[in-house]
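Asker: My file is run_30.txt. It has compact mmCIF, C-alpha atoms:
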# COMPACT_ATOMS: atom_id res chain seq x y z
CA MET A 53 0.00 0.00 0.00
CA ALA A 54 1.45 3.37 -1.04
CA PRO A 55 1.35 6.27 1.43
CA ARG A 56 -1.64 8.57 1.09
CA TRP A 57 -0.15 12.01 1.58
CA LYS A 58 -2.43 14.77 2.79
CA GLY A 59 -3.26 17.80 0.68
CA LYS A 60 -6.00 19.38 -1.38
CA ASP A 61 -4.14 18.99 -4.66
CA ALA A 62 -1.19 17.18 -6.21
CA LYS A 63 1.26 19.97 -5.35
CA SER A 64 0.42 20.03 -1.64
CA LYS A 65 0.62 16.23 -1.50
CA ASN A 66 4.04 16.32 -3.16
CA ASP A 67 5.13 18.99 -0.68
CA ALA A 68 4.04 16.82 2.26
CA GLU A 69 6.01 13.87 0.87
CA ALA A 70 9.09 16.05 0.26
CA GLU A 71 8.99 17.39 3.82
CA ALA A 72 8.78 13.86 5.20
CA LEU A 73 11.79 12.79 3.11
CA ARG A 74 13.81 15.80 4.30
CA GLU A 75 12.99 15.06 7.92
CA PRO A 76 12.50 11.30 8.37
CA MET A 77 10.97 10.02 11.58
CA SER A 78 14.18 8.24 12.58
CA MET A 79 16.03 11.57 12.56
CA ILE A 80 13.30 13.29 14.61
CA ILE A 81 13.45 10.51 17.22
CA LEU A 82 17.23 10.94 17.54
CA GLN A 83 16.80 14.69 18.03
CA LEU A 84 14.18 14.11 20.72
CA GLN A 85 16.35 11.52 22.44
CA SER A 86 19.31 13.91 22.50
CA SER A 87 17.23 16.82 23.82
CA LEU A 88 15.69 14.79 26.64
CA LEU A 89 19.08 13.39 27.62
CA GLN A 90 20.69 16.83 27.73
CA SER A 91 17.93 18.22 29.92
CA ASN A 92 17.92 15.16 32.21
CA ALA A 93 14.16 14.92 31.64
CA CYS A 94 12.05 13.38 34.39
CA GLY A 95 8.42 12.29 34.16
CA PHE A 96 5.98 11.89 37.03
CA LEU A 97 3.50 9.06 37.51
CA SER A 98 -0.12 10.13 37.46
CA ASP A 99 -2.49 7.16 37.71
CA ASN A 100 -2.69 5.68 34.15
CA CYS A 101 -0.32 8.12 32.46
CA VAL A 102 2.96 9.97 32.93
CA HIS A 103 3.32 13.75 33.03
CA LEU A 104 6.42 15.56 31.85
CA VAL A 105 7.43 19.22 32.13
CA VAL A 106 9.02 20.40 28.88
CA GLN A 107 10.46 23.50 27.25
CA PRO A 108 9.26 24.84 23.85
CA GLU A 109 12.03 22.99 21.94
CA GLN A 110 11.06 19.65 23.48
CA LEU A 111 7.38 20.40 23.03
CA ASP A 112 8.03 20.80 19.32
CA LEU A 113 10.10 17.60 19.10
CA LEU A 114 7.53 15.56 21.04
CA ASP A 115 4.87 16.80 18.65
CA LYS A 116 7.00 16.00 15.58
CA ALA A 117 7.78 12.53 16.94
CA CYS A 118 4.12 12.04 17.93
CA PHE A 119 4.61 11.19 21.58
CA GLY A 120 1.83 12.14 23.98
CA ARG A 121 -0.06 15.42 24.00
CA PRO A 122 0.28 18.82 25.72
CA VAL A 123 -2.18 19.27 28.58
CA ARG A 124 -1.55 22.78 29.92
CA ASN A 125 0.86 25.67 30.11
CA VAL A 126 2.53 25.91 33.54
CA GLU A 127 4.09 29.30 33.00
CA LYS A 128 5.64 31.18 30.13
CA ASP A 129 7.56 28.72 27.91
CA VAL A 130 6.96 25.79 30.30
CA TYR A 131 4.42 23.08 29.47
CA TRP A 132 2.98 19.91 30.96
CA PHE A 133 2.98 17.00 28.53
CA GLN A 134 1.02 13.75 29.02
CA LEU A 135 2.36 10.37 27.87
CA THR A 136 0.61 7.00 27.73
CA LEU A 137 2.16 4.11 29.66
CA GLU A 138 3.56 2.60 26.45
CA GLU A 139 5.03 5.92 25.27
CA ALA A 140 6.60 6.65 28.65
CA PHE A 141 8.17 3.22 28.99
CA TYR A 142 9.50 3.37 25.44
CA LEU A 143 11.29 6.66 26.16
CA CYS A 144 12.51 5.36 29.51
CA TYR A 145 13.46 1.76 28.75
CA SER A 146 14.12 1.54 25.01
CA LEU A 147 15.54 5.02 24.28
CA LYS A 148 17.03 5.59 27.77
CA CYS A 149 16.24 9.31 27.60
CA LEU A 150 13.58 9.74 30.30
CA LYS A 151 13.54 9.10 34.04
CA ILE A 152 10.22 8.42 35.73
CA SER A 153 9.48 8.86 39.41
CA GLY A 154 6.45 8.64 41.66
CA ALA A 155 4.76 11.42 43.52
CA ALA A 156 6.07 9.99 46.78
CA GLU A 157 9.36 8.46 47.92
CA SER A 158 7.81 5.02 47.48
CA GLY A 159 7.67 5.46 43.70
CA PRO A 160 9.54 3.06 41.34
CA SER A 161 13.30 3.47 41.45
CA ASN A 162 14.34 1.28 38.50
CA ASP A 163 13.02 -0.28 35.29
CA ASP A 164 11.78 -3.45 36.97
CA GLU A 165 9.77 -1.55 39.58
CA LEU A 166 8.34 0.74 36.91
CA TRP A 167 7.44 -2.32 34.83
CA HIS A 168 5.51 -3.85 37.74
CA TYR A 169 3.79 -0.53 38.44
CA PHE A 170 2.57 -0.26 34.85
CA LYS A 171 1.43 -3.90 34.95
CA SER A 172 -0.62 -3.11 38.07
CA LYS A 173 -2.35 -0.32 36.15
CA LYS A 174 -2.86 -2.33 32.95
CA GLN A 175 -2.89 -6.11 33.15
CA ALA A 176 -2.07 -6.64 29.48
CA PHE A 177 0.68 -3.98 29.50
CA PRO A 178 3.51 -6.43 28.55
CA PHE A 179 1.66 -7.40 25.35
CA PHE A 180 0.73 -3.84 24.43
CA TYR A 181 4.23 -2.55 25.11
CA LYS A 182 5.83 -5.30 23.02
CA ALA A 183 3.51 -4.42 20.14
CA TYR A 184 4.06 -0.68 20.57
CA SER A 185 7.86 -0.96 20.67
CA HIS A 186 7.82 -3.40 17.72
CA LEU A 187 6.08 -0.78 15.57
CA ARG A 188 8.10 2.18 16.86
CA MET A 189 11.38 0.42 16.17
CA LYS A 190 10.25 0.13 12.54
CA ASN A 191 9.74 3.93 12.57
CA TRP A 192 5.95 3.77 12.42
CA VAL A 193 4.13 6.56 14.22
CA VAL A 194 1.82 4.88 16.75
CA ARG A 195 -1.28 6.59 18.11
CA SER A 196 -4.37 5.46 20.02
CA GLY A 197 -6.90 3.60 17.90
CA ALA A 198 -9.85 4.04 20.28
CA GLN A 199 -11.67 6.20 17.73
CA TYR A 200 -11.75 3.25 15.31
CA GLY A 201 -12.32 0.42 17.78
CA VAL A 202 -8.73 -0.87 17.68
CA ASP A 203 -5.70 -0.60 19.95
CA PHE A 204 -3.43 1.52 17.76
CA ILE A 205 -3.45 3.45 14.50
CA VAL A 206 -0.14 3.68 12.64
CA TYR A 207 1.26 6.23 10.21
CA ARG A 208 4.39 6.32 8.06
CA HIS A 209 5.04 9.87 9.21
CA HIS A 210 3.37 12.69 11.13
CA PRO A 211 -0.45 12.54 10.95
CA ALA A 212 -0.46 16.11 9.64
CA ARG A 213 1.35 14.89 6.51
CA VAL A 214 0.01 11.43 5.80
CA HIS A 215 -3.12 9.38 6.39
CA SER A 216 -2.86 6.33 8.64
CA GLU A 217 -2.67 2.98 6.88
CA TYR A 218 -3.38 0.36 9.52
CA GLY A 219 -5.63 -0.17 12.48
CA VAL A 220 -3.81 -2.48 14.91
CA LEU A 221 -5.22 -5.08 17.29
CA VAL A 222 -2.92 -6.75 19.82
CA LEU A 223 -3.74 -10.42 20.45
CA SER A 224 -2.06 -13.35 22.15
CA HIS A 225 -2.24 -17.13 22.19
CA ASP A 226 -1.01 -17.18 25.78
CA ASN A 227 -4.47 -17.30 27.39
CA ASP A 228 -4.54 -13.66 28.40
CA ASP A 229 -8.17 -12.97 29.26
CA ASP A 230 -7.99 -9.35 28.10
CA LEU A 231 -6.76 -10.28 24.63
CA ASP A 232 -7.64 -13.88 23.83
CA GLY A 233 -11.38 -13.36 23.41
CA ARG A 234 -11.17 -10.78 20.64
CA LEU A 235 -11.79 -11.65 16.98
CA ARG A 236 -12.88 -15.17 17.97
CA VAL A 237 -16.25 -14.86 16.30
CA TRP A 238 -16.97 -13.83 12.72
CA SER A 239 -19.10 -10.84 13.71
CA ASP A 240 -16.08 -9.25 15.47
CA VAL A 241 -13.92 -9.65 12.37
CA HIS A 242 -16.68 -8.37 10.11
CA CYS A 243 -17.40 -5.27 12.23
CA THR A 244 -13.73 -4.35 12.59
CA THR A 245 -12.84 -4.77 8.91
CA ARG A 246 -15.96 -2.91 7.77
CA LEU A 247 -15.23 0.02 10.07
CA LEU A 248 -11.56 0.25 9.07
CA GLY A 249 -12.37 -0.28 5.41
CA SER A 250 -14.79 2.65 5.49
CA VAL A 251 -11.89 4.93 6.45
CA ALA A 252 -9.39 3.35 4.03
CA LYS A 253 -7.38 1.41 6.61
CA THR A 254 -6.31 -2.22 6.78
CA LEU A 255 -6.60 -4.33 9.91
CA LEU A 256 -3.18 -5.40 11.18
CA VAL A 257 -3.26 -8.07 13.89
CA LEU A 258 -0.15 -8.50 16.01
CA TYR A 259 -0.02 -11.83 17.84
CA VAL A 260 2.40 -11.48 20.76
CA ASN A 261 3.82 -14.83 21.89
CA LYS A 262 5.68 -15.25 25.17
CA ASN A 263 7.26 -18.54 24.01
CA GLY A 264 7.09 -19.98 27.53
CA HIS A 265 8.67 -16.98 29.25
CA ASN A 266 7.06 -14.98 32.05
CA ASP A 267 6.57 -11.22 32.21
CA GLU A 268 8.24 -10.54 35.55
CA SER A 269 10.89 -8.31 33.98
CA PRO A 270 11.14 -6.17 30.84
CA LEU A 271 14.26 -8.17 29.99
CA ARG A 272 11.93 -11.05 29.11
CA LEU A 273 10.60 -9.04 26.17
CA ALA A 274 13.65 -10.04 24.12
CA ASN A 275 12.30 -13.61 24.13
CA TYR A 276 8.83 -12.63 22.93
CA THR A 277 7.99 -12.90 19.24
CA ILE A 278 5.38 -11.15 17.14
CA GLU A 279 3.39 -12.63 14.29
CA GLU A 280 1.94 -10.04 11.90
CA ARG A 281 -1.25 -10.66 9.94
CA THR A 282 -3.30 -8.31 7.81
CA ILE A 283 -7.02 -8.92 7.38
CA SER A 284 -8.96 -7.16 4.64
CA ARG A 285 -12.53 -7.33 3.41
CA TRP A 286 -12.91 -9.27 0.17
CA SER A 287 -14.68 -7.38 -2.59
CA PRO A 288 -16.40 -9.54 -5.26
CA GLU A 289 -16.12 -6.61 -7.70
CA GLN A 290 -12.38 -7.17 -7.88
CA CYS A 291 -12.84 -10.71 -9.21
CA ARG A 292 -15.64 -10.29 -11.71
CA GLU A 293 -14.90 -11.20 -15.30
CA ARG A 294 -15.04 -8.15 -17.48
CA SER A 295 -17.29 -8.31 -20.51
CA ILE A 296 -15.62 -7.81 -23.88
Translate this structure into structure tokens?

Answerer:
Amino acid sequence: MAPRWKGKDAKSKNDAEAEALREPMSMIILQLQSSLLQSNACGFLSDNCVHLVVQPEQLDLLDKACFGRPVRNVEKDVYWFQLTLEEAFYLCYSLKCLKISGAAESGPSNDDELWHYFKSKKQAFPFFYKAYSHLRMKNWVVRSGAQYGVDFIVYRHHPARVHSEYGVLVLSHDNDDDLDGRLRVWSDVHCTTRLLGSVAKTLLVLYVNKNGHNDESPLRLANYTIEERTISRWSPEQCRERSI
């Protein structure tokens, strides 16, 4: 599937593609990583999300890299930014550019404690994080898919420049109650593919397999594997014999 660049005409679409080529997502992520490291950035746990105080430069980079969303202005040139659990752990654990602490002294002090804290807030967090990091490491932009009834929506670049291509569902064969029951009946498949098809997206199912390993540490993620499957609605019109 070719990218569907945004724009009202061919010129604006070509401009959007050219801008994305000049500033690829991998380069933006490196800039964000460097900026957060230099500022010794620290996020704060807030129930089911993480809040981060940022300067205008980092606000711009977080927006370009499509992490989180700004929530309010603290004072002139100082902003609060809100990250999902997956986004926060990716910046903390995978990119090593963000520290996260609790509101009290009893907050998590290392990656393992933070991992267990996030698991306590979201039972299926290990599966969702594995899927999220899998896509991010391929330089896909990953956003919430709640609007379309899926877990994630992915883009090749910033959503302001390109339309999303896939709606992502995270599943598992490891008897996880939160994930295993989805898409088990035809009506679920039909509803999901019809909805995504109506907005020109393809359903991408990521099966996360633990391969016999537990989820007691983020180090176990290296032993997990992901099986990718795309599911699309079959159109009889595509197979009809054309009359001569």

Asker: Using all atoms listed in the file, which of the listed residues (A:Lys128, A:Lys190, A:Lys262, A:His103) sits closest to Gly154 in chain A?

Answerer: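 Counting all atoms listed in the file, the residue closest to Gly154 in chain A is A:His103.
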
Asker: Show me, as a PyMOL selection string, the residues that have an atom within 12 Å of Asp240 in chain A when counting all atoms listed in the file, minus same-chain residues fewer than 5 positions from it.

Answerer: chain A and resi 201-202+221+233-235+245-247

Asker: What does the distance from CA of Ala72 in chain A to CA of Arg188 in chain A come to in Å, to one decimal?

Answerer: 16.5 Å

Asker: Show me the residues close to (-1.3, 14.4, 33.9) - anything with an atom within 12 Å, counting all atoms listed in the file - and format the list as a list in words.

Answerer: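 Neighbouring residues, ordered by chain and number, come to Gly95, Phe96, Leu97, Ser98, Asp99, Asn100, Cys101, Val102, His103, Leu104, Val105, Gly120, Arg121, Pro122, Val123, Arg124, Tyr131, Trp132, Phe133, Gln134, Leu135, Thr136, Leu137 and Ala155 of chain A.
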
Asker: When you count all atoms listed in the file, which of these residues is closest to Lys171 in chain A: A:Leu113, A:Phe141, A:Asn66, A:Glu75?

Answerer: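 Smallest separation from Lys171 in chain A among the options: A:Phe141.
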
Asker: Point out the residue among A:Ser250, A:Asn92, A:Ser172, A:Asn191 with the least atom-to-atom distance to Ala117 in chain A, counting all atoms listed in the file.

Answerer: A:Asn191

Asker: What gap, in Å, lies between CA of Asp164 in chain A and CA of Ser224 in chain A?

Answerer: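 Computing the Euclidean distance for CA of Asp164 in chain A and CA of Ser224 in chain A yields 22.6 Å.
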
Asker: Find the spatial neighbours of Leu82 in chain A, counting only C-alpha atoms, within a cut-off of 12 Å - ignore same-chain residues fewer than 2 positions away - and output them as a list in words.

Answerer: Glu75, Pro76, Met77, Ser78, Met79, Ile80, Leu84, Gln85, Ser86, Ser87, Leu88, Leu89, Leu113, Leu114, Lys116, Ala117, Leu143, Leu147, Lys148, Cys149 and Asn191 of chain A

Asker: Which one is closest to Val193 in chain A: A:Ile81, A:Leu273, A:Leu255, A:Leu248? Count all atoms listed in the file.

Answerer: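 Using all atoms listed in the file, Val193 in chain A sits closest to A:Ile81.
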
Asker: Counting all atoms listed in the file, which residue out of A:Pro55, A:Pro178, A:Pro160, A:Gly249 sits closest to His265 in chain A?

Answerer: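 Selected residue with least distance to His265 in chain A: A:Pro178.
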
Asker: What box, with edges along x, y and z, holds each listed atom of range 69-77 of chain A when 8 Å is added on every side, and can you state its centre and edge lengths in Å to one decimal, as AutoDock Vina command-line options?

Answerer:
--center_x 9.9 --center_y 13.7 --center_z 5.9 --size_x 23.8 --size_y 23.4 --size_z 27.3

Asker: Could you tell me how far CA of Val206 in chain A lies from CA of Thr254 in chain A, in Å and to one decimal?

Answerer: 10.4 Å

Asker: Using all atoms listed in the file, can you tell me which of A:His209, A:Val237, A:Tyr276, A:Leu256 comes closest to Arg74 in chain A?

Answerer: A:His209

Asker: I'd like the neighbourhood of Ala274 in chain A as JSON, numbers by chain, where a residue qualifies if any of its atoms comes within 12 Å (using all atoms listed in the file), though same-chain residues fewer than 5 positions away should be ignored.

Answerer: {"A": [146, 178, 182, 185, 186, 260, 261, 262, 263, 265, 266, 267, 269]}
